[in-house]
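Visitor: The file below is input22.cif, mmCIF, C-alpha atoms and all ligand atoms:
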data_run
#
loop_
_atom_site.label_atom_id
_atom_site.label_comp_id
_atom_site.auth_asym_id
_atom_site.auth_seq_id
_atom_site.Cartn_x
_atom_site.Cartn_y
_atom_site.Cartn_z
CA MET A 1 100.33 98.70 32.82
CA SER A 2 100.60 100.95 35.85
CA ARG A 3 103.75 101.82 37.79
CA LEU A 4 102.31 99.99 40.81
CA GLN A 5 101.88 96.75 38.82
CA LEU A 6 105.38 97.04 37.41
CA SER A 7 106.98 97.56 40.79
CA ARG A 8 105.06 94.63 42.32
CA ARG A 9 106.29 92.37 39.54
CA THR A 10 109.81 93.64 40.02
CA ILE A 11 109.65 92.92 43.74
CA VAL A 12 108.29 89.41 43.17
CA ARG A 13 111.13 88.70 40.72
CA MET A 14 113.74 90.00 43.15
CA PHE A 15 112.39 88.23 46.24
CA PRO A 16 110.88 84.75 46.18
CA ALA A 17 107.37 84.40 47.60
CA SER A 18 108.64 82.40 50.56
CA LEU A 19 110.93 85.25 51.59
CA ILE A 20 108.12 87.82 51.35
CA ALA A 21 105.85 85.56 53.45
CA PHE A 22 108.58 85.19 56.08
CA ALA A 23 109.12 88.97 56.23
CA SER A 24 105.36 89.59 56.62
CA ALA A 25 105.04 87.04 59.42
CA THR A 26 108.05 88.47 61.25
CA CYS A 27 106.61 91.98 61.00
CA ALA A 28 103.21 90.82 62.31
CA ARG A 29 104.86 89.06 65.24
CA SER A 30 106.90 92.10 66.26
CA VAL A 31 103.84 94.39 66.20
CA LYS A 32 101.90 91.95 68.40
CA THR A 33 104.80 91.63 70.85
CA THR A 34 105.14 95.40 71.25
CA THR A 35 101.45 95.73 72.05
CA THR A 36 101.51 92.89 74.56
CA LEU A 37 104.54 94.20 76.42
CA ALA A 38 103.15 97.67 77.20
CA PRO A 39 101.87 97.26 80.80
CA THR A 40 101.22 100.86 81.78
CA PRO A 41 98.00 102.40 80.47
CA ALA A 42 98.72 104.86 77.69
CA CYS A 43 96.33 107.07 75.84
CA GLY A 44 94.98 105.86 72.52
CA ASN A 45 94.66 102.16 73.32
CA ASP A 46 91.30 102.12 75.11
CA THR A 47 92.83 101.81 78.58
CA THR A 48 92.70 104.34 81.38
CA THR A 49 94.56 104.73 84.65
CA PRO A 50 92.89 102.40 87.16
CA SER A 51 91.42 103.75 90.36
CA GLN A 52 92.48 102.61 93.80
CA THR A 53 91.09 103.15 97.26
CA GLU A 54 91.47 106.57 98.84
CA GLY A 55 92.43 104.92 102.14
CA PRO A 56 91.75 106.37 105.58
CA PHE A 57 94.25 109.24 105.49
CA TYR A 58 92.89 111.70 102.92
CA THR A 59 92.39 115.28 104.08
CA PRO A 60 90.41 117.61 101.79
CA ASP A 61 91.31 121.23 101.07
CA SER A 62 95.06 120.72 100.91
CA PRO A 63 97.15 123.80 100.08
CA GLN A 64 97.73 124.67 96.42
CA ARG A 65 101.45 124.18 95.79
CA THR A 66 103.81 122.23 93.55
CA SER A 67 106.44 121.68 96.26
CA LEU A 68 105.56 119.76 99.42
CA LEU A 69 109.06 120.36 100.78
CA GLU A 70 109.31 122.41 103.96
CA PRO A 71 112.24 123.36 106.21
CA GLY A 72 113.06 120.66 108.73
CA LEU A 73 111.51 117.79 106.78
CA SER A 74 113.79 114.86 106.01
CA GLY A 75 113.79 112.20 103.32
CA PRO A 76 115.28 111.63 99.88
CA PRO A 77 113.93 114.31 97.53
CA ILE A 78 112.04 113.27 94.43
CA VAL A 79 110.35 115.15 91.58
CA ILE A 80 107.32 113.55 89.95
CA THR A 81 106.26 114.86 86.55
CA GLY A 82 103.92 113.81 83.80
CA GLN A 83 100.77 114.69 81.94
CA VAL A 84 97.06 114.28 82.46
CA LEU A 85 95.63 113.01 79.17
CA SER A 86 92.26 111.97 77.82
CA SER A 87 91.93 108.42 76.50
CA ASN A 88 92.36 109.85 72.97
CA CYS A 89 95.61 111.58 73.97
CA VAL A 90 94.33 115.15 74.41
CA PRO A 91 96.27 116.95 77.21
CA MET A 92 93.92 118.02 79.99
CA ALA A 93 94.72 121.62 80.92
CA GLY A 94 93.55 122.88 84.30
CA ALA A 95 93.17 119.37 85.73
CA LEU A 96 93.40 119.01 89.50
CA VAL A 97 96.28 116.86 90.79
CA ASP A 98 96.10 116.33 94.56
CA CYS A 99 98.89 114.35 96.26
CA TRP A 100 99.29 113.09 99.81
CA HIS A 101 101.75 110.66 101.38
CA THR A 102 103.65 109.78 104.54
CA ASN A 103 106.88 111.26 105.83
CA ASP A 104 110.07 109.22 105.57
CA GLN A 105 109.02 107.29 108.70
CA GLY A 106 105.76 106.07 107.15
CA GLU A 107 103.57 108.47 109.17
CA TYR A 108 100.75 110.64 107.83
CA ASP A 109 100.10 114.13 109.14
CA ASN A 110 96.41 113.79 109.99
CA SER A 111 96.11 117.10 111.81
CA GLY A 112 97.85 119.37 109.29
CA TYR A 113 98.96 119.41 105.68
CA THR A 114 102.52 118.11 105.78
CA PHE A 115 103.17 116.24 102.51
CA ARG A 116 99.77 117.23 101.18
CA GLY A 117 99.12 119.60 98.30
CA HIS A 118 97.22 120.13 95.11
CA GLN A 119 97.92 121.89 91.83
CA PHE A 120 96.41 122.35 88.36
CA THR A 121 97.98 121.17 85.12
CA ASP A 122 99.35 123.68 82.62
CA ALA A 123 98.22 124.19 79.02
CA GLU A 124 99.95 120.94 78.00
CA GLY A 125 98.32 118.98 80.81
CA ARG A 126 101.59 118.81 82.73
CA TYR A 127 102.00 118.54 86.50
CA HIS A 128 105.13 118.79 88.66
CA ILE A 129 105.38 117.62 92.28
CA GLU A 130 108.48 118.20 94.40
CA THR A 131 108.51 116.10 97.53
CA ILE A 132 110.33 113.22 99.26
CA VAL A 133 110.27 109.47 98.82
CA PRO A 134 107.68 108.33 101.38
CA GLY A 135 108.40 105.76 104.07
CA ILE A 136 106.64 102.44 104.51
CA TYR A 137 103.98 101.60 107.09
CA PRO A 138 102.77 98.14 108.13
CA GLY A 139 100.85 96.28 105.46
CA ARG A 140 101.69 98.65 102.61
CA THR A 141 104.48 99.10 100.12
CA ARG A 142 105.91 102.53 99.26
CA HIS A 143 103.27 104.66 97.54
CA PHE A 144 101.83 108.08 96.78
CA HIS A 145 98.11 108.80 96.96
CA ILE A 146 96.77 110.88 94.09
CA LYS A 147 93.47 112.38 93.00
CA VAL A 148 93.15 113.64 89.43
CA GLN A 149 90.17 115.52 88.05
CA ALA A 150 89.83 117.16 84.66
CA PRO A 151 87.54 120.21 84.70
CA ASN A 152 83.90 119.19 85.18
CA GLN A 153 84.79 115.49 85.08
CA PRO A 154 84.69 112.74 87.73
CA VAL A 155 87.56 112.40 90.19
CA LEU A 156 90.07 109.60 89.65
CA THR A 157 91.49 108.43 92.99
CA THR A 158 94.53 106.20 92.67
CA GLN A 159 98.02 105.45 93.97
CA LEU A 160 101.51 105.42 92.44
CA TYR A 161 104.20 102.86 93.18
CA PHE A 162 107.97 102.48 92.90
CA PRO A 163 109.70 99.90 90.69
CA GLU A 164 111.84 97.18 92.28
CA GLU A 165 110.35 97.86 95.71
CA PRO A 166 110.65 94.65 97.77
CA ALA A 167 107.29 95.16 99.52
CA ASN A 168 105.35 95.51 96.24
CA GLN A 169 104.68 91.79 95.94
CA GLY A 170 103.23 91.48 99.44
CA ASP A 171 100.93 94.51 99.16
CA PHE A 172 97.29 93.57 98.55
CA LEU A 173 96.66 96.87 96.73
CA PHE A 174 99.78 96.96 94.55
CA ASN A 175 99.03 97.20 90.84
CA PRO A 176 102.00 97.01 88.43
CA VAL A 177 100.36 99.33 85.90
CA LEU A 178 100.60 102.10 88.50
CA VAL A 179 104.39 101.86 88.83
CA MET A 180 106.20 105.09 87.98
CA VAL A 181 109.30 105.27 85.83
CA VAL A 182 111.95 106.27 88.37
CA ASP A 183 115.51 107.46 87.75
CA ASN A 184 117.21 107.29 91.14
CA SER A 185 120.66 108.09 89.76
CA ASP A 186 119.92 111.79 90.14
CA ASP A 187 119.47 113.96 93.21
CA PRO A 188 116.61 114.67 93.44
CA GLN A 189 115.32 111.42 92.02
CA LYS A 190 113.12 111.79 88.94
CA ALA A 191 109.83 109.97 88.57
CA THR A 192 107.39 110.17 85.68
CA PHE A 193 103.82 108.99 85.25
CA ASP A 194 101.04 110.00 82.85
CA PHE A 195 97.42 109.76 83.97
CA VAL A 196 94.91 108.71 81.31
CA LEU A 197 91.33 109.66 82.13
CA ALA A 198 88.18 108.14 80.67
FE FE B 201 98.70 105.24 102.18
#
Using structure tokens, write down the structure that the file contains.
Guide:
Amino acid sequence: MSRLQLSRRTIVRMFPASLIAFASATCARSVKTTTTLAPTPACGNDTTTPSQTEGPFYTPDSPQRTSLLEPGLSGPPIVITGQVLSSNCVPMAGALVDCWHTNDQGEYDNSGYTFRGHQFTDAEGRYHIETIVPGIYPGRTRHFHIKVQAPNQPVLTTQLYFPEEPANQGDFLFNPVLVMVVDNSDDPQKATFDFVLA
């Protein structure tokens, strides 16, 4: 008789079948609940970051920089960090991350490059954007516009949103899976979001 058979018999003697069945069912339920409750796309579960419209205010050829802060600009500072990952969780080094957004009054700079900039992810696929919390303009909730492109791959154009923003529910473009994790107890505020590319 093998050690495995012995230990199974021992377990059955120690715990009645009904108790083992209950434990198995409880375990199965908790695994299912965890899966169901994860709203933000993460690598490794066959979901990718959804695209959203570019909108009318994109300007190509933004400057390469990680900080969009400039002297004289106002607004609560925020740092957005995260990774660009493939759908099977491989960090995408050298991926383009292009960000543009309004000033704290909800206005875009459509003649220059204020609050516009692009960068490339590091060896771990990480990006780092220093900027301000954008304002709100009519019809839209608070958001960042982002383009992400791994080397030689298609461009993902999308937007990022803030949690607990009152205007989220009335925004026809708002998508809850694009909400950043934001810690506003710090100065600057800290936001995180990982992009998962197909
Ligand atoms: Fe916008």
Visitor: Can you work out which residues are within 7 Å of ligand FE 201 (chain B), considering all atoms listed in the file, and then hand them over as a VMD selection string?
Guide: chain A and resid 55 57 101 143 to 145
Visitor: I'd like the interatomic distance between CA of Ile136 in chain A and CA of Pro76 in chain A, to a tenth of an Å.
Guide: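 Separating CA of Ile136 in chain A from CA of Pro76 in chain A is a distance of 13.4 Å.
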Visitor: Can you work out which one of A:Cys99, A:Val182, A:Ala191, A:Val155 has the shortest atom-to-atom distance to Ser51 in chain A, counting only C-alpha atoms?
Guide: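 For Ser51 in chain A, the nearest of the given residues is A:Val155.
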Visitor: Pick from A:Ser74, A:Thr157, A:Gln189, A:Thr81: nearest to Arg126 in chain A, with all atoms listed in the file counted?
Guide: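 Smallest separation from Arg126 in chain A among the options: A:Thr81.
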Visitor: Contacts of Pro166 in chain A at 12 Å or less, counting all atoms listed in the file, minus same-chain residues fewer than 6 places along, as a ChimeraX atom specification?
Guide: /A:136,140-142,174
Visitor: Which one is closest to Tyr58 in chain A: A:Pro154, A:Gly170, A:Pro134, A:Gly112? Count all atoms listed in the file.
Guide: A:Gly112
Visitor: What does the structure give for the distance between CA of Glu54 in chain A and CA of Glu165 in chain A, in Å to one decimal?
Guide: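 These two atoms are separated by 21.0 Å.
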Visitor: Tell me which of A:Gly135, A:Pro176, A:Pro163, A:Gly117 sits closest to Thr59 in chain A, counting all atoms listed in the file.
Guide: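 Closest residue, counting all atoms listed in the file: A:Gly117.
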Visitor: Interatomic distance between CA of Gln169 in chain A and CA of Gly139 in chain A?
Guide: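 According to the coordinates, CA of Gln169 in chain A and CA of Gly139 in chain A are separated by 11.2 Å.
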Visitor: Between A:Lys147, A:Tyr113, A:Cys89, A:Pro138, which residue has the minimum interatomic distance to Asp46 in chain A, considering only C-alpha atoms?
Guide: A:Cys89
Visitor: From the list A:Phe120, A:Trp100, A:Tyr127, A:Tyr108, which residue is nearest Val79 in chain A when using all atoms listed in the file?
Guide: A:Tyr127
Visitor: Near range 61-66 of chain A, within 8 Å and counting all atoms listed in the file, which residues show up once chain neighbours fewer than 3 positions away are dropped, as a list of chain:residue names?
Guide: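 Neighbouring residues, sequence-local ones excluded: A:Asp98, A:Tyr113, A:Arg116, A:Gly117, A:His118, A:Gln119, A:His128, A:Ile129, A:Glu130.
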Visitor: Could you give me, as number ranges by chain, the residues within 10 Å of Lys190 in chain A, counting only C-alpha atoms and dropping anything in the same chain fewer than 3 positions from it?
Guide: A: 77-81, 130, 180-187
